[in-house]
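Colleague: One file: final.cif (mmCIF, C-alpha atoms).
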```
data_query
loop_
_atom_site.label_atom_id
_atom_site.label_comp_id
_atom_site.auth_asym_id
_atom_site.auth_seq_id
_atom_site.Cartn_x
_atom_site.Cartn_y
_atom_site.Cartn_z
CA MET J 1 -19.21 41.74 268.17
CA LYS J 2 -15.99 42.21 266.22
CA VAL J 3 -14.20 39.16 264.90
CA SER J 4 -10.88 39.32 263.10
CA ALA J 5 -9.53 36.88 260.57
CA ILE J 6 -6.11 36.58 259.01
CA ILE J 7 -5.66 34.97 255.60
CA THR J 8 -2.19 33.72 254.74
CA LEU J 9 -0.75 31.98 251.71
CA LYS J 10 0.03 28.31 252.19
CA LYS J 11 3.67 27.35 252.56
CA ASP J 12 4.29 26.05 249.03
CA VAL J 13 2.58 28.94 247.21
CA LEU J 14 4.89 31.46 245.58
CA ASP J 15 4.51 34.96 247.03
CA PRO J 16 6.31 37.37 244.69
CA GLN J 17 5.03 40.43 246.58
CA GLY J 18 6.47 39.05 249.80
CA LYS J 19 9.78 38.49 247.97
CA VAL J 20 9.88 42.10 246.75
CA ILE J 21 9.13 43.38 250.25
CA HIS J 22 11.87 41.15 251.62
CA GLN J 23 14.38 42.49 249.09
CA THR J 24 13.37 46.09 249.80
CA LEU J 25 13.70 45.64 253.55
CA ASP J 26 17.05 43.99 252.94
CA GLY J 27 18.15 46.97 250.86
CA MET J 28 17.09 49.30 253.67
CA GLY J 29 19.44 47.54 256.02
CA PHE J 30 17.17 44.96 257.64
CA LYS J 31 19.60 42.10 257.10
CA ASN J 32 18.14 39.68 259.61
CA ILE J 33 15.14 38.42 257.61
CA ASP J 34 14.63 34.83 256.51
CA GLU J 35 11.38 35.33 254.61
CA VAL J 36 8.44 37.74 254.19
CA ARG J 37 4.94 36.46 253.38
CA GLN J 38 2.12 38.89 252.66
CA GLY J 39 -1.44 38.16 253.77
CA LYS J 40 -4.83 39.77 254.40
CA TYR J 41 -6.55 40.94 257.55
CA PHE J 42 -10.32 41.28 258.00
CA GLU J 43 -12.21 42.89 260.84
CA ILE J 44 -15.85 41.89 260.73
CA ASP J 45 -18.53 43.34 262.97
CA VAL J 46 -21.03 40.49 263.32
CA LYS J 47 -24.56 40.96 264.65
CA GLU J 48 -24.03 38.29 267.30
CA ASN J 49 -23.09 38.65 270.95
CA ASP J 50 -22.04 35.09 271.68
CA PRO J 51 -18.28 34.89 270.92
CA SER J 52 -18.27 31.22 269.94
CA LYS J 53 -21.27 31.67 267.61
CA ALA J 54 -19.67 34.78 266.07
CA LYS J 55 -16.47 32.83 265.46
CA VAL J 56 -18.37 30.05 263.72
CA ILE J 57 -20.07 32.57 261.42
CA VAL J 58 -16.77 34.20 260.42
CA GLU J 59 -15.17 30.81 259.95
CA ASP J 60 -17.95 29.97 257.49
CA MET J 61 -17.28 33.27 255.68
CA CYS J 62 -13.59 32.40 255.45
CA LYS J 63 -14.34 28.99 253.94
CA LYS J 64 -16.89 30.28 251.43
CA LEU J 65 -15.46 33.62 250.33
CA LEU J 66 -12.65 35.30 252.24
CA ALA J 67 -10.06 32.57 251.63
CA ASN J 68 -9.43 30.32 248.67
CA LEU J 69 -8.48 27.11 250.41
CA VAL J 70 -6.44 25.85 247.46
CA ILE J 71 -3.78 28.44 248.23
CA GLU J 72 -4.71 30.12 251.49
CA ASN J 73 -5.16 29.31 255.18
CA TYR J 74 -7.34 31.31 257.54
CA LYS J 75 -7.10 31.93 261.24
CA ILE J 76 -9.65 33.60 263.48
CA ILE J 77 -7.39 35.64 265.70
CA GLU J 78 -9.49 37.55 268.19
CA THR J 79 -12.94 38.47 269.30
CA GLN J 80 -13.93 41.50 271.31
CA MET N 1 -26.67 28.12 217.68
CA LYS N 2 -27.43 30.19 220.76
CA SER N 3 -24.84 31.70 223.05
CA SER N 4 -24.91 33.91 226.13
CA VAL N 5 -22.21 36.28 227.34
CA ILE N 6 -22.46 37.26 231.01
CA THR N 7 -21.68 40.89 231.82
CA PHE N 8 -20.40 41.58 235.33
CA PRO N 9 -19.67 45.05 236.68
CA GLY N 10 -16.14 45.61 235.35
CA SER N 11 -16.26 43.14 232.46
CA ASN N 12 -14.64 44.80 229.45
CA CYS N 13 -14.30 42.06 226.83
CA ASP N 14 -18.00 41.20 226.82
CA ARG N 15 -18.81 43.22 223.69
CA ASP N 16 -15.69 41.97 221.85
CA MET N 17 -16.90 38.45 222.59
CA ASP N 18 -20.39 39.39 221.34
CA VAL N 19 -18.88 40.66 218.06
CA ALA N 20 -16.79 37.51 217.66
CA LEU N 21 -19.63 35.08 218.40
CA LYS N 22 -22.00 36.86 216.01
CA LYS N 23 -19.35 37.07 213.28
CA PHE N 24 -19.07 33.29 213.23
CA GLY N 25 -22.79 32.56 213.34
CA PHE N 26 -23.90 32.46 216.96
CA ASN N 27 -27.18 34.05 217.94
CA ASN N 28 -25.76 35.76 221.01
CA LYS N 29 -27.50 37.35 223.99
CA MET N 30 -25.91 39.55 226.64
CA VAL N 31 -26.92 38.50 230.15
CA TRP N 32 -26.64 40.73 233.23
CA HIS N 33 -24.94 39.25 236.31
CA ASN N 34 -27.91 40.06 238.53
CA ASP N 35 -30.38 38.02 236.46
CA ASN N 36 -31.49 34.69 237.82
CA GLU N 37 -32.16 32.75 234.63
CA LEU N 38 -29.94 31.95 231.69
CA PRO N 39 -31.62 32.20 228.29
CA LYS N 40 -31.63 28.90 226.40
CA SER N 41 -28.01 28.51 225.29
CA ASP N 42 -25.67 26.09 223.57
CA LEU N 43 -22.68 28.00 224.93
CA VAL N 44 -22.20 30.34 227.89
CA VAL N 45 -19.18 32.65 227.95
CA LEU N 46 -17.69 34.40 230.97
CA PRO N 47 -15.75 37.26 229.37
CA GLY N 48 -12.50 38.99 230.28
CA GLY N 49 -12.18 42.18 232.25
CA PHE N 50 -11.87 43.22 235.85
CA SER N 51 -15.13 42.11 237.46
CA TYR N 52 -15.71 43.97 240.74
CA GLY N 53 -12.38 45.70 240.32
CA ASP N 54 -10.54 42.46 241.14
CA TYR N 55 -11.44 43.06 244.81
CA LEU N 56 -10.53 40.34 247.33
CA ARG N 57 -9.23 37.90 244.69
CA CYS N 58 -9.78 38.18 240.94
CA GLY N 59 -13.12 36.61 240.08
CA SER N 60 -14.05 35.76 243.66
CA VAL N 61 -16.94 38.22 244.01
CA ALA N 62 -18.30 37.55 240.50
CA SER N 63 -18.29 33.82 241.24
CA LYS N 64 -20.92 34.44 243.92
CA SER N 65 -23.23 36.60 241.77
CA LYS N 66 -26.85 35.58 241.13
CA ILE N 67 -26.50 34.38 237.54
CA MET N 68 -23.64 32.06 238.51
CA ASN N 69 -26.04 29.63 240.19
CA SER N 70 -27.67 29.07 236.80
CA VAL N 71 -24.28 28.91 235.06
CA ILE N 72 -23.04 26.29 237.54
CA ASN N 73 -26.23 24.23 237.07
CA PHE N 74 -25.88 24.55 233.29
CA ALA N 75 -22.25 23.36 233.47
CA ASN N 76 -23.09 20.50 235.82
CA SER N 77 -25.76 19.30 233.41
CA GLY N 78 -23.17 19.14 230.60
CA GLY N 79 -23.65 22.58 229.00
CA LEU N 80 -20.65 24.27 227.40
CA VAL N 81 -19.18 27.05 229.55
CA MET N 82 -16.09 28.94 228.45
CA GLY N 83 -14.25 31.44 230.64
CA ILE N 84 -11.68 33.73 229.06
CA CYS N 85 -9.11 35.59 231.18
CA ASN N 86 -11.18 37.08 234.05
CA GLY N 87 -13.80 34.50 233.07
CA PHE N 88 -11.19 31.79 233.76
CA GLN N 89 -10.50 33.41 237.14
CA ILE N 90 -14.25 33.32 237.89
CA LEU N 91 -14.41 29.64 236.86
CA VAL N 92 -11.63 28.61 239.25
CA GLU N 93 -13.34 30.53 242.06
CA THR N 94 -16.56 28.59 241.46
CA GLY N 95 -14.61 25.34 241.58
CA LEU N 96 -15.91 24.28 238.14
CA VAL N 97 -12.29 23.90 237.03
CA PRO N 98 -9.46 23.00 239.43
CA GLY N 99 -6.62 25.25 240.62
CA VAL N 100 -6.24 29.00 241.01
CA LEU N 101 -4.67 31.92 239.12
CA LEU N 102 -2.01 33.74 241.09
CA ARG N 103 -0.32 37.06 240.44
CA ASN N 104 2.12 36.84 237.51
CA LYS N 105 5.49 35.56 238.65
CA TYR N 106 7.42 38.73 237.71
CA LEU N 107 4.71 41.08 239.08
CA GLU N 108 4.07 42.74 235.73
CA PHE N 109 0.88 43.15 233.73
CA ILE N 110 1.42 41.19 230.52
CA CYS N 111 -0.16 42.39 227.30
CA LYS N 112 1.19 40.68 224.20
CA ASN N 113 0.68 37.96 221.62
CA VAL N 114 1.67 34.46 222.65
CA PHE N 115 1.69 31.06 221.02
CA VAL N 116 -0.26 28.26 222.58
CA LYS N 117 -0.06 24.56 221.85
CA VAL N 118 -3.36 22.72 221.74
CA ASP N 119 -2.81 19.57 223.75
CA ASN N 120 -6.10 17.81 223.68
CA LYS N 121 -8.59 17.64 220.81
CA ASP N 122 -10.92 15.12 222.38
CA ASN N 123 -13.41 17.80 223.42
CA PRO N 124 -16.06 20.11 221.88
CA TYR N 125 -13.73 23.12 221.80
CA PHE N 126 -10.73 21.90 219.79
CA LYS N 127 -12.04 18.79 218.04
CA HIS N 128 -11.28 18.93 214.27
CA LEU N 129 -9.17 22.10 214.65
CA ASP N 130 -6.63 21.78 211.84
CA LYS N 131 -3.87 23.66 213.65
CA GLU N 132 -1.91 22.63 216.75
CA ILE N 133 -0.24 25.95 217.50
CA LEU N 134 -2.31 29.12 217.73
CA GLU N 135 -1.19 32.72 218.05
CA LEU N 136 -3.48 34.43 220.56
CA HIS N 137 -3.40 37.53 222.73
CA VAL N 138 -2.98 37.68 226.50
CA ALA N 139 -3.58 40.67 228.79
CA HIS N 140 -3.55 39.91 232.49
CA ASN N 141 -1.97 40.53 235.86
CA GLU N 142 -3.09 37.28 237.51
CA GLY N 143 -2.60 34.45 235.04
CA ASN N 144 -0.09 32.33 236.90
CA TYR N 145 -1.85 28.96 237.02
CA PHE N 146 -1.27 27.06 240.23
CA CYS N 147 -2.66 23.85 241.66
CA THR N 148 -1.63 21.36 244.31
CA ASP N 149 0.51 18.34 243.33
CA ASP N 150 -2.49 16.06 243.85
CA GLN N 151 -4.66 18.23 241.60
CA LEU N 152 -1.92 18.34 238.96
CA LYS N 153 -1.68 14.57 238.93
CA GLU N 154 -5.44 14.34 238.59
CA ILE N 155 -5.72 16.84 235.74
CA GLU N 156 -2.84 15.17 233.93
CA ASP N 157 -4.33 11.72 234.40
CA ASN N 158 -7.67 12.95 233.02
CA SER N 159 -6.03 14.91 230.14
CA GLN N 160 -7.62 18.12 231.40
CA ILE N 161 -4.88 20.45 230.19
CA ALA N 162 -6.31 22.25 227.14
CA ILE N 163 -3.47 24.51 226.00
CA TYR N 164 0.11 25.26 226.95
CA TYR N 165 2.15 28.44 226.42
CA SER N 166 4.70 27.52 223.77
CA ASN N 167 6.94 28.98 221.10
CA GLU N 168 5.87 29.09 217.45
CA ASN N 169 7.12 25.53 216.98
CA GLY N 170 5.12 24.17 219.87
CA GLN N 171 7.98 23.74 222.34
CA THR N 172 6.83 24.43 225.88
CA ASP N 173 9.97 25.63 227.65
CA GLU N 174 10.22 27.97 230.63
CA ILE N 175 11.27 30.81 228.29
CA ASP N 176 7.86 30.61 226.58
CA ASN N 177 6.03 30.82 229.90
CA PRO N 178 4.96 34.46 230.29
CA ASN N 179 3.57 34.36 233.82
CA GLY N 180 5.06 31.46 235.76
CA SER N 181 2.15 29.06 235.26
CA THR N 182 2.66 25.50 236.46
CA LYS N 183 3.78 23.38 233.46
CA ASN N 184 3.11 26.34 231.09
CA ILE N 185 -0.63 25.75 231.50
CA ALA N 186 -2.66 28.42 229.65
CA GLY N 187 -6.05 26.69 229.76
CA ILE N 188 -7.74 23.72 231.39
CA PHE N 189 -10.95 21.73 231.27
CA ASN N 190 -13.16 20.27 233.94
CA LYS N 191 -13.31 16.48 234.08
CA ARG N 192 -16.15 16.21 231.55
CA LYS N 193 -14.46 18.73 229.23
CA ASN N 194 -17.60 20.80 228.77
CA VAL N 195 -16.08 23.65 230.81
CA LEU N 196 -12.99 25.42 229.46
CA GLY N 197 -11.03 28.16 231.21
CA MET N 198 -8.17 29.88 229.43
CA MET N 199 -6.15 33.07 229.78
CA PRO N 200 -5.64 33.90 226.05
CA HIS N 201 -8.32 35.89 224.21
CA PRO N 202 -9.46 34.24 220.95
CA GLU N 203 -11.97 37.10 220.44
CA ARG N 204 -9.06 39.49 219.93
CA MET N 205 -7.73 37.51 216.96
CA ILE N 206 -10.59 37.52 214.50
CA ASP N 207 -9.36 40.01 211.91
CA LYS N 208 -6.32 39.21 209.83
CA TYR N 209 -5.67 42.86 209.04
CA LEU N 210 -5.92 44.14 212.61
CA SER N 211 -4.55 41.32 214.71
CA GLY N 212 -4.39 37.78 213.46
CA ASP N 213 -6.74 35.10 212.36
CA ASP N 214 -6.20 32.20 214.74
CA GLY N 215 -9.16 33.25 216.87
CA SER N 216 -11.33 32.97 213.74
CA LEU N 217 -10.19 29.37 213.31
CA PHE N 218 -11.12 28.66 216.91
CA PHE N 219 -14.65 30.12 216.66
CA LYS N 220 -15.39 28.64 213.21
CA ASN N 221 -14.38 25.26 214.51
CA LEU N 222 -16.33 25.71 217.76
CA ILE N 223 -19.63 26.45 216.06
CA LYS N 224 -19.10 23.51 213.70
CA ASN N 225 -18.54 21.23 216.69
CA ILE N 226 -21.66 22.45 218.47
CA LYS N 227 -23.97 22.08 215.45
#
```
Write out the structure in this file as structure tokens.

Modeller:
Amino acid sequence: MKVSAIITLKKDVLDPQGKVIHQTLDGMGFKNIDEVRQGKYFEIDVKENDPSKAKVIVEDMCKKLLANLVIENYKIIETQ
Amino acid sequence: MKSSVITFPGSNCDRDMDVALKKFGFNNKMVWHNDNELPKSDLVVLPGGFSYGDYLRCGSVASKSKIMNSVINFANSGGLVMGICNGFQILVETGLVPGVLLRNKYLEFICKNVFVKVDNKDNPYFKHLDKEILELHVAHNEGNYFCTDDQLKEIEDNSQIAIYYSNENGQTDEIDNPNGSTKNIAGIFNKRKNVLGMMPHPERMIDKYLSGDDGSLFFKNLIKNIK
């Protein structure tokens, strides 16, 4: 079963890459942006057919490796 | 005095560190990341480099490698563990020292000499060092030290800040901060002060004709403190 997780920077953490992307988009004419924050997306194929169990496994992965909880939040976004 | 330098796939300052440690009297062993046991050591060094190609987050994969279980146990039992540059990034990922190292504020790789001010000499690394301001070398892309406000209060209350980026007179203004680090922090300790993580490379400053000699002062003093 595939489980996806999104890792985002916490609100107070500086994201210079997001800033550069914002400025570039702005320069391209996208004037209606307040802020851009860059994150990471993982798609993990877990050997588990029960969706709730698969979610728990990926959540554990997020806590232990995929995210650094000092600066990042994680969100399990979908299972299929 | 026995030391161990851990080599991870992608470490590239491990042999420089070996040269430096031996030059100042350590009996140094190189230890492979996939080993389980640390040799008997008075000091363990996590060297600089780009372990695992900086995949995921710098140091995150190396922090989970086999040898790190022994390193963490060694540190928790009071052993001296020093992480330089990528080694510092590995240390924060293990949680042995607080905070994280973010991408440099101005998104550029920094490779230059900097001055650092030694803030705290009540520890095995800087005790008896007869200089407060050292000229050392930095080379990194992710050296921007960050921690939460609560963590900052805690590390300040426990005097865990080891060195600050400064100018040659020891002033720590924003202009002397190469990478955007919180409070110009260049290196920190754990609570017990047996674990030190720092971005600057003392092993690159051990020859007065090639680079500078402030790294020599650091290592000479370190081995004296350990003896």

Colleague: Find the distance between atom CA of J:Ile6 and atom CA of J:Gly39 and write it in Å to one decimal.

Modeller: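 Interatomic distance, atom CA of J:Ile6 to atom CA of J:Gly39: 7.2 Å.
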
Colleague: Could you list, as JSON, numbers by chain, every residue matched by the PyMOL selection byres ((chain N) within 8 of (chain J)) in this structure?

Modeller: {"N": [56, 60, 61, 93, 99, 100, 103, 105, 106, 107, 147, 148]}

Colleague: I need the output of the PyMOL selection byres ((chain N and resi 40) around 10) for this file as a list in words; which residues are they?

Modeller: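 With the shown file as input, the PyMOL selection byres ((chain N and resi 40) around 10) matches Lys2, Ser3, Ser4, Lys29, Glu37, Leu38, Pro39, Ser41, Asp42, Leu43, Val44 and Phe74 of chain N.
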
Colleague: Give me the result of the PyMOL selection byres ((chain J and resi 58) around 9) on this file, residue by residue, as a list in words.

Modeller: Val3, Ser4, Ala5, Ile44, Val46, Lys53, Ala54, Lys55, Val56, Ile57, Glu59, Asp60, Met61, Cys62, Lys63 and Ile76 of chain J

Colleague: Taking into account all atoms listed in the file, which residue in the set N:Asp150, N:Asp35, N:Glu142, N:Glu132 is nearest to N:Gly59?

Modeller: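 Closest residue, counting all atoms listed in the file: N:Glu142.
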